[in-house]
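K.L.:
Starting off with a structure, shown below.
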Amino acid sequence: MSGLAGLNKSPNGVVVGLVQLQLPVVETPAQLAMQTQRVVRMVGKARRSYPGMDLVVFPEYSLHGLSMSTAPELMVTLDGPEVAALRAACIEHQIWGCFSIMEHNPHGMPYNTGLIFDDQGALKLYYRKYHPWVPVEPWEPGNMGIPVIDGPKGVKLSLIICHDGMFPEMARECAYKGAELMIRTAGYTAPIRHAWGITNQANAFQNLMATASVCLCGSDGTFDSMGEAMVCNFDGTVQVQGGGRPDEIVCAEIRPDLIREARLNWGVENNIYQLYHRGYAAVKGGAQDCPYTFMQDMVSGQFALPWGDDVVVKDGTSCGIPAPTREFQGNEPNLLDTGTQKSLFKEAA
């Protein structure tokens, strides 16, 4: 049930709106400023059109477009005017908002970053995309974990970005850390349409977790983004799905109470529990080992595909990205665990 896009909102419901934002062209700082204001106006549209909406979600590349430009003048900082405007829109319209920025990185390539503000302007979630869509995307791989937060009305909420959703381990990590709703923002184009749908559904079903996913929409004169926002219930069924109309807001009600009930009471297909309790009908408590070679090899630093030496594309040079020389520096604490919230948004902290 979707509550008719939140028009019949239940006491336990969380209404999520997914904005199929028109794919922009952003090549100059002036266009970046104009696009920021366009997103701000769409926050207002979301609030006016769905008074019961708790969270509005914008796609990946909402401010940037699909140029893959890393020009310094187009990169955004947390203390810059773009983020300030997005935050102010959440405060003005008293709504939670999920946004996308290409973030300046003083130590290397920019980050593809997702932000969630609450309805009082507090930055609640900060996430750097783990899996850039290589070899096309030049962004630095994320290094600050996959946070799970208390979202509107207490729903346990996580955010992943686009290609992240093609890795079942990403959704499993979100659910393992308690997420009841996983947001997936994207800039995908039409060739990914089939994989988009089946992974959104599988990520939900395999983890007894709702997924809410949205792409950019329309054409920028070069690329065609597909829109196709979709909300999947925890059983993998599609609650609502958008088409290809730019700026359509696809809205649905999430029921965290039913997700919690299923996680406790399902026997058949309670897969996230059964992963670590294999065959509990036959052996007490189920097998609680790690039988997966790839997991063991990743932890030990020995991950190697049987065909790995023969893989042809191993960097971004085929897409015009210079071959990197700097190695990954490892993970760091999330910015929100290091006082950044207080330093950047003092009045909202």
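Chain labels run A, B, ... following the order of the structure tokens; each chain numbers its residues from 1, and ligands are numbered from 1 in the order shown.
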Which polymer residues have any atom within 10 Å of an atom of Asn331 in chain A, counting only C-alpha atoms, with same-chain residues fewer than 3 positions away left out, as a short mmCIF file (atom, residue, chain, number, x, y, z; two decimals) with N, CA and C atoms, in the first residue's frame?
P.N.:
data_model
loop_
_atom_site.label_atom_id
_atom_site.label_comp_id
_atom_site.auth_asym_id
_atom_site.auth_seq_id
_atom_site.Cartn_x
_atom_site.Cartn_y
_atom_site.Cartn_z
N PRO A 141 36.67 7.44 -4.55
CA PRO A 141 35.78 6.49 -3.86
C PRO A 141 35.54 6.90 -2.42
N GLY A 142 34.33 6.67 -1.95
CA GLY A 142 33.96 7.08 -0.60
C GLY A 142 34.83 6.44 0.47
N ASN A 143 35.00 7.17 1.55
CA ASN A 143 35.91 6.72 2.61
C ASN A 143 35.40 7.04 4.01
N MET A 144 34.09 7.28 4.13
CA MET A 144 33.55 7.65 5.43
C MET A 144 32.38 6.79 5.85
N GLY A 145 32.32 5.56 5.35
CA GLY A 145 31.30 4.63 5.79
C GLY A 145 29.95 4.88 5.16
N PHE A 328 44.59 4.60 -2.75
CA PHE A 328 43.54 4.87 -1.77
C PHE A 328 44.15 5.01 -0.38
N ASN A 334 33.37 9.63 9.77
CA ASN A 334 32.40 10.47 9.09
C ASN A 334 32.48 11.90 9.61
#
K.L.:
Please identify the strand (DSSP E) residues within range 113-263 of chain A (assignment by DSSP from backbone atoms) and present them as a PDB file with N, CA and C atoms, in the first residue's frame.
P.N.:
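File written: states17.pdb
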ATOM      1  N   THR A 113      28.892  13.328  -3.347  1.00  0.00           N
ATOM      2  CA  THR A 113      28.425  13.356  -1.965  1.00  0.00           C
ATOM      3  C   THR A 113      26.912  13.505  -1.883  1.00  0.00           C
ATOM      4  N   GLY A 114      26.315  12.780  -0.947  1.00  0.00           N
ATOM      5  CA  GLY A 114      24.897  12.914  -0.642  1.00  0.00           C
ATOM      6  C   GLY A 114      24.699  13.519   0.731  1.00  0.00           C
ATOM      7  N   LEU A 115      23.709  14.409   0.837  1.00  0.00           N
ATOM      8  CA  LEU A 115      23.402  15.106   2.088  1.00  0.00           C
ATOM      9  C   LEU A 115      21.929  14.934   2.419  1.00  0.00           C
ATOM     10  N   ILE A 116      21.632  14.784   3.702  1.00  0.00           N
ATOM     11  CA  ILE A 116      20.245  14.830   4.160  1.00  0.00           C
ATOM     12  C   ILE A 116      20.146  15.827   5.304  1.00  0.00           C
ATOM     13  N   PHE A 117      19.281  16.835   5.111  1.00  0.00           N
ATOM     14  CA  PHE A 117      18.961  17.800   6.159  1.00  0.00           C
ATOM     15  C   PHE A 117      17.599  17.472   6.744  1.00  0.00           C
ATOM     16  N   LEU A 123      22.146  19.044   9.518  1.00  0.00           N
ATOM     17  CA  LEU A 123      22.687  18.040   8.618  1.00  0.00           C
ATOM     18  C   LEU A 123      22.711  16.707   9.342  1.00  0.00           C
ATOM     19  N   LYS A 124      21.873  15.793   8.900  1.00  0.00           N
ATOM     20  CA  LYS A 124      21.705  14.518   9.596  1.00  0.00           C
ATOM     21  C   LYS A 124      22.512  13.386   8.971  1.00  0.00           C
ATOM     22  N   LEU A 125      22.774  13.473   7.655  1.00  0.00           N
ATOM     23  CA  LEU A 125      23.496  12.390   6.988  1.00  0.00           C
ATOM     24  C   LEU A 125      24.460  12.981   5.976  1.00  0.00           C
ATOM     25  N   TYR A 126      25.675  12.456   5.995  1.00  0.00           N
ATOM     26  CA  TYR A 126      26.723  12.839   5.051  1.00  0.00           C
ATOM     27  C   TYR A 126      27.332  11.557   4.509  1.00  0.00           C
ATOM     28  N   TYR A 127      27.293  11.385   3.184  1.00  0.00           N
ATOM     29  CA  TYR A 127      27.755  10.143   2.578  1.00  0.00           C
ATOM     30  C   TYR A 127      28.507  10.428   1.292  1.00  0.00           C
ATOM     31  N   ARG A 128      29.668   9.798   1.142  1.00  0.00           N
ATOM     32  CA  ARG A 128      30.454   9.865  -0.080  1.00  0.00           C
ATOM     33  C   ARG A 128      30.292   8.557  -0.847  1.00  0.00           C
ATOM     34  N   VAL A 148      23.727   5.127   8.908  1.00  0.00           N
ATOM     35  CA  VAL A 148      22.289   4.904   9.080  1.00  0.00           C
ATOM     36  C   VAL A 148      21.831   5.841  10.182  1.00  0.00           C
ATOM     37  N   ILE A 149      20.783   6.597   9.923  1.00  0.00           N
ATOM     38  CA  ILE A 149      20.343   7.625  10.853  1.00  0.00           C
ATOM     39  C   ILE A 149      18.880   7.407  11.243  1.00  0.00           C
ATOM     40  N   ASP A 150      18.442   8.128  12.260  1.00  0.00           N
ATOM     41  CA  ASP A 150      17.027   8.231  12.584  1.00  0.00           C
ATOM     42  C   ASP A 150      16.436   9.326  11.721  1.00  0.00           C
ATOM     43  N   LYS A 156      14.520   4.316  10.373  1.00  0.00           N
ATOM     44  CA  LYS A 156      15.952   4.115  10.209  1.00  0.00           C
ATOM     45  C   LYS A 156      16.267   4.245   8.721  1.00  0.00           C
ATOM     46  N   LEU A 157      17.151   5.174   8.396  1.00  0.00           N
ATOM     47  CA  LEU A 157      17.303   5.650   7.030  1.00  0.00           C
ATOM     48  C   LEU A 157      18.765   5.595   6.600  1.00  0.00           C
ATOM     49  N   SER A 158      19.000   5.132   5.365  1.00  0.00           N
ATOM     50  CA  SER A 158      20.341   5.162   4.782  1.00  0.00           C
ATOM     51  C   SER A 158      20.257   5.716   3.368  1.00  0.00           C
ATOM     52  N   LEU A 159      21.418   6.089   2.838  1.00  0.00           N
ATOM     53  CA  LEU A 159      21.508   6.645   1.490  1.00  0.00           C
ATOM     54  C   LEU A 159      22.670   5.994   0.766  1.00  0.00           C
ATOM     55  N   ILE A 160      22.401   5.484  -0.441  1.00  0.00           N
ATOM     56  CA  ILE A 160      23.460   5.089  -1.350  1.00  0.00           C
ATOM     57  C   ILE A 160      23.246   5.834  -2.660  1.00  0.00           C
ATOM     58  N   ILE A 161      24.244   5.783  -3.540  1.00  0.00           N
ATOM     59  CA  ILE A 161      24.190   6.601  -4.746  1.00  0.00           C
ATOM     60  C   ILE A 161      24.413   5.744  -5.983  1.00  0.00           C
ATOM     61  N   LEU A 181      14.638   1.898   5.529  1.00  0.00           N
ATOM     62  CA  LEU A 181      14.437   2.542   4.241  1.00  0.00           C
ATOM     63  C   LEU A 181      15.802   2.904   3.671  1.00  0.00           C
ATOM     64  N   MET A 182      16.068   2.430   2.472  1.00  0.00           N
ATOM     65  CA  MET A 182      17.308   2.786   1.776  1.00  0.00           C
ATOM     66  C   MET A 182      16.969   3.659   0.579  1.00  0.00           C
ATOM     67  N   ILE A 183      17.501   4.863   0.568  1.00  0.00           N
ATOM     68  CA  ILE A 183      17.347   5.775  -0.562  1.00  0.00           C
ATOM     69  C   ILE A 183      18.474   5.510  -1.549  1.00  0.00           C
ATOM     70  N   ARG A 184      18.130   5.571  -2.829  1.00  0.00           N
ATOM     71  CA  ARG A 184      19.132   5.443  -3.893  1.00  0.00           C
ATOM     72  C   ARG A 184      18.903   6.554  -4.899  1.00  0.00           C
ATOM     73  N   THR A 185      19.831   7.485  -4.989  1.00  0.00           N
ATOM     74  CA  THR A 185      19.742   8.570  -5.948  1.00  0.00           C
ATOM     75  C   THR A 185      20.629   8.243  -7.142  1.00  0.00           C
ATOM     76  N   ALA A 186      20.237   8.679  -8.331  1.00  0.00           N
ATOM     77  CA  ALA A 186      20.973   8.253  -9.521  1.00  0.00           C
ATOM     78  C   ALA A 186      20.864   9.265 -10.651  1.00  0.00           C
ATOM     79  N   ALA A 210      12.466  -1.339   2.789  1.00  0.00           N
ATOM     80  CA  ALA A 210      11.921  -0.535   1.704  1.00  0.00           C
ATOM     81  C   ALA A 210      13.059   0.165   0.970  1.00  0.00           C
ATOM     82  N   THR A 211      12.906   0.325  -0.341  1.00  0.00           N
ATOM     83  CA  THR A 211      13.856   1.111  -1.118  1.00  0.00           C
ATOM     84  C   THR A 211      13.103   2.205  -1.862  1.00  0.00           C
ATOM     85  N   ALA A 212      13.688   3.395  -1.885  1.00  0.00           N
ATOM     86  CA  ALA A 212      13.124   4.534  -2.605  1.00  0.00           C
ATOM     87  C   ALA A 212      14.218   5.095  -3.494  1.00  0.00           C
ATOM     88  N   SER A 213      14.003   5.048  -4.806  1.00  0.00           N
ATOM     89  CA  SER A 213      15.076   5.299  -5.765  1.00  0.00           C
ATOM     90  C   SER A 213      14.590   6.263  -6.843  1.00  0.00           C
ATOM     91  N   VAL A 214      15.490   7.163  -7.284  1.00  0.00           N
ATOM     92  CA  VAL A 214      15.080   8.144  -8.283  1.00  0.00           C
ATOM     93  C   VAL A 214      16.257   8.545  -9.154  1.00  0.00           C
ATOM     94  N   CYS A 215      15.985   8.692 -10.460  1.00  0.00           N
ATOM     95  CA  CYS A 215      16.966   9.158 -11.441  1.00  0.00           C
ATOM     96  C   CYS A 215      16.613  10.567 -11.905  1.00  0.00           C
ATOM     97  N   CYS A 217      15.877  13.022 -15.139  1.00  0.00           N
ATOM     98  CA  CYS A 217      14.871  12.735 -16.167  1.00  0.00           C
ATOM     99  C   CYS A 217      15.012  13.713 -17.330  1.00  0.00           C
ATOM    100  N   GLY A 218      14.697  13.211 -18.518  1.00  0.00           N
ATOM    101  CA  GLY A 218      14.718  14.070 -19.694  1.00  0.00           C
ATOM    102  C   GLY A 218      16.087  14.124 -20.348  1.00  0.00           C
ATOM    103  N   SER A 219      16.268  15.056 -21.275  1.00  0.00           N
ATOM    104  CA  SER A 219      17.483  15.155 -22.069  1.00  0.00           C
ATOM    105  C   SER A 219      18.196  16.473 -21.832  1.00  0.00           C
ATOM    106  N   ASP A 224      20.112  11.097 -22.279  1.00  0.00           N
ATOM    107  CA  ASP A 224      18.707  10.945 -21.923  1.00  0.00           C
ATOM    108  C   ASP A 224      18.630  10.172 -20.608  1.00  0.00           C
ATOM    109  N   SER A 225      18.238  10.865 -19.552  1.00  0.00           N
ATOM    110  CA  SER A 225      18.026  10.193 -18.277  1.00  0.00           C
ATOM    111  C   SER A 225      16.586   9.706 -18.207  1.00  0.00           C
ATOM    112  N   MET A 226      16.359   8.686 -17.391  1.00  0.00           N
ATOM    113  CA  MET A 226      15.119   7.929 -17.536  1.00  0.00           C
ATOM    114  C   MET A 226      14.060   8.225 -16.494  1.00  0.00           C
ATOM    115  N   MET A 230      11.055   4.908  -8.176  1.00  0.00           N
ATOM    116  CA  MET A 230      10.290   3.757  -7.716  1.00  0.00           C
ATOM    117  C   MET A 230      10.495   3.542  -6.225  1.00  0.00           C
ATOM    118  N   VAL A 231       9.401   3.136  -5.588  1.00  0.00           N
ATOM    119  CA  VAL A 231       9.433   2.739  -4.184  1.00  0.00           C
ATOM    120  C   VAL A 231       9.051   1.272  -4.128  1.00  0.00           C
ATOM    121  N   CYS A 232       9.923   0.473  -3.516  1.00  0.00           N
ATOM    122  CA  CYS A 232       9.687  -0.962  -3.391  1.00  0.00           C
ATOM    123  C   CYS A 232       9.402  -1.303  -1.936  1.00  0.00           C
ATOM    124  N   VAL A 238       6.736  -3.540  -6.199  1.00  0.00           N
ATOM    125  CA  VAL A 238       6.814  -2.110  -6.498  1.00  0.00           C
ATOM    126  C   VAL A 238       5.536  -1.434  -6.017  1.00  0.00           C
ATOM    127  N   GLN A 239       5.668  -0.494  -5.089  1.00  0.00           N
ATOM    128  CA  GLN A 239       4.506   0.248  -4.595  1.00  0.00           C
ATOM    129  C   GLN A 239       4.057   1.289  -5.603  1.00  0.00           C
ATOM    130  N   VAL A 240       5.013   2.116  -6.033  1.00  0.00           N
ATOM    131  CA  VAL A 240       4.724   3.148  -7.035  1.00  0.00           C
ATOM    132  C   VAL A 240       5.931   3.258  -7.946  1.00  0.00           C
ATOM    133  N   GLN A 241       5.672   3.707  -9.180  1.00  0.00           N
ATOM    134  CA  GLN A 241       6.762   3.875 -10.132  1.00  0.00           C
ATOM    135  C   GLN A 241       6.428   5.009 -11.078  1.00  0.00           C
ATOM    136  N   ILE A 249       6.953  14.443  -9.391  1.00  0.00           N
ATOM    137  CA  ILE A 249       7.288  14.013  -8.035  1.00  0.00           C
ATOM    138  C   ILE A 249       6.487  12.746  -7.750  1.00  0.00           C
ATOM    139  N   VAL A 250       7.203  11.646  -7.608  1.00  0.00           N
ATOM    140  CA  VAL A 250       6.588  10.347  -7.334  1.00  0.00           C
ATOM    141  C   VAL A 250       6.621  10.136  -5.827  1.00  0.00           C
ATOM    142  N   CYS A 251       5.458   9.867  -5.260  1.00  0.00           N
ATOM    143  CA  CYS A 251       5.311   9.913  -3.813  1.00  0.00           C
ATOM    144  C   CYS A 251       4.692   8.616  -3.304  1.00  0.00           C
ATOM    145  N   ALA A 252       5.153   8.172  -2.131  1.00  0.00           N
ATOM    146  CA  ALA A 252       4.601   6.957  -1.525  1.00  0.00           C
ATOM    147  C   ALA A 252       4.789   7.019  -0.017  1.00  0.00           C
ATOM    148  N   GLU A 253       3.979   6.219   0.661  1.00  0.00           N
ATOM    149  CA  GLU A 253       4.074   6.112   2.113  1.00  0.00           C
ATOM    150  C   GLU A 253       4.844   4.846   2.486  1.00  0.00           C
ATOM    151  N   ILE A 254       5.866   5.008   3.302  1.00  0.00           N
ATOM    152  CA  ILE A 254       6.642   3.897   3.844  1.00  0.00           C
ATOM    153  C   ILE A 254       6.076   3.556   5.222  1.00  0.00           C
TER     154      ILE A 254
END
K.L.:
Skipping near chain neighbours, those fewer than 6 positions away, what residues fall within 12 Å of Val15 in chain A using only C-alpha atoms, listed as a ChimeraX atom specification?
P.N.:
/A:1-9,46-47,50-57,95-96,151-153,155,181,212,231,250-256
K.L.:
Excluding Val39 in chain A and any residue of its chain fewer than 3 positions from it, enumerate the residues within 10 Å of it, using only C-alpha atoms, and give them as a ChimeraX atom specification.
P.N.:
/A:19,21,34-36,42-45,58,62-63,85-86,89,99
K.L.:
Using Å and a single decimal, report how far CA of Pro306 in chain A sits from CA of Pro324 in chain A.
P.N.:
24.6 Å
K.L.:
How many Å lie between CA of Asp289 in chain A and CA of Asn271 in chain A, rounded to one decimal?
P.N.:
15.4 Å
K.L.:
Could you pull out all residues of range 86-245 of chain A with a DSSP call of alpha helix (DSSP H) and give them as JSON, numbers by chain?
P.N.:
{"A": [86, 87, 88, 89, 90, 91, 92, 93, 168, 169, 170, 171, 172, 173, 174, 175, 176, 193, 194, 195, 196, 197, 198, 199, 200, 201, 202, 203, 204, 205]}
K.L.:
Between CA of Gly187 in chain A and CA of Leu208 in chain A, what is the distance in Å, rounded to a tenth?
P.N.:
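Between CA of Gly187 in chain A and CA of Leu208 in chain A the gap is 25.5 Å.
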K.L.:
Tell me which protein, DNA and RNA residues are within 12 Å of Gly285 in chain A, counting only C-alpha atoms, leaving out same-chain ones fewer than 4 positions away, and put them as a VMD selection string.
P.N.:
chain A and resid 273 to 281 289
K.L.:
Output N, CA, C and O atoms for every residue in that selection, as a JSON list (two decimals), in the first residue's frame.
P.N.:
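Result file follows (again-v8.json):
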[["chain", "number", "residue", "atom", "x", "y", "z"],
["A", 273, "TYR", "N", 18.45, -12.38, 8.35],
["A", 273, "TYR", "CA", 18.70, -13.15, 9.58],
["A", 273, "TYR", "C", 19.31, -14.51, 9.24],
["A", 273, "TYR", "O", 20.27, -14.97, 9.87],
["A", 274, "GLN", "N", 18.76, -15.14, 8.24],
["A", 274, "GLN", "CA", 19.18, -16.50, 7.91],
["A", 274, "GLN", "C", 20.60, -16.56, 7.32],
["A", 274, "GLN", "O", 21.24, -17.62, 7.34],
["A", 275, "LEU", "N", 21.11, -15.43, 6.84],
["A", 275, "LEU", "CA", 22.47, -15.39, 6.32],
["A", 275, "LEU", "C", 23.47, -15.93, 7.34],
["A", 275, "LEU", "O", 24.41, -16.65, 6.99],
["A", 276, "TYR", "N", 23.27, -15.57, 8.60],
["A", 276, "TYR", "CA", 24.21, -15.97, 9.66],
["A", 276, "TYR", "C", 23.64, -17.08, 10.54],
["A", 276, "TYR", "O", 24.23, -17.41, 11.56],
["A", 277, "HIS", "N", 22.51, -17.62, 10.15],
["A", 277, "HIS", "CA", 21.90, -18.73, 10.90],
["A", 277, "HIS", "C", 21.46, -19.80, 9.90],
["A", 277, "HIS", "O", 20.31, -20.23, 9.89],
["A", 278, "ARG", "N", 22.42, -20.25, 9.10],
["A", 278, "ARG", "CA", 22.10, -21.19, 8.01],
["A", 278, "ARG", "C", 21.56, -22.51, 8.58],
["A", 278, "ARG", "O", 22.16, -23.11, 9.46],
["A", 279, "GLY", "N", 20.42, -22.91, 8.04],
["A", 279, "GLY", "CA", 19.89, -24.23, 8.38],
["A", 279, "GLY", "C", 19.52, -24.41, 9.84],
["A", 279, "GLY", "O", 19.71, -25.48, 10.41],
["A", 280, "TYR", "N", 18.93, -23.36, 10.43],
["A", 280, "TYR", "CA", 18.62, -23.46, 11.87],
["A", 280, "TYR", "C", 17.56, -24.51, 12.19],
["A", 280, "TYR", "O", 17.38, -24.88, 13.34],
["A", 281, "ALA", "N", 16.84, -24.97, 11.17],
["A", 281, "ALA", "CA", 15.89, -26.06, 11.43],
["A", 281, "ALA", "C", 16.60, -27.39, 11.65],
["A", 281, "ALA", "O", 16.03, -28.31, 12.24],
["A", 289, "ASP", "N", 29.01, -19.50, 10.62],
["A", 289, "ASP", "CA", 30.36, -19.37, 10.11],
["A", 289, "ASP", "C", 30.38, -18.33, 8.99],
["A", 289, "ASP", "O", 29.37, -17.67, 8.72]]
K.L.:
Please list as a count of residues only every residue within 10 Å of Ile321 in chain A, counting only C-alpha atoms and excluding residues in the same chain fewer than 2 positions away.
P.N.:
12
K.L.:
Do you know which residues are at most 12 Å from Gly221 in chain A counting only C-alpha atoms, after dropping those on the same chain fewer than 6 positions away, and could you put them as a list in words?
P.N.:
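Skipping anything fewer than 6 positions along the chain leaves Gln22, Leu23, Pro24, Val25, Gly65, Leu66 and Ser67 of chain A.
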K.L.:
Which one of A:Thr237, A:Glu261, A:Gly178, A:Glu82 sits closest to Gln31 in chain A if you count only C-alpha atoms?
P.N.:
A:Glu82
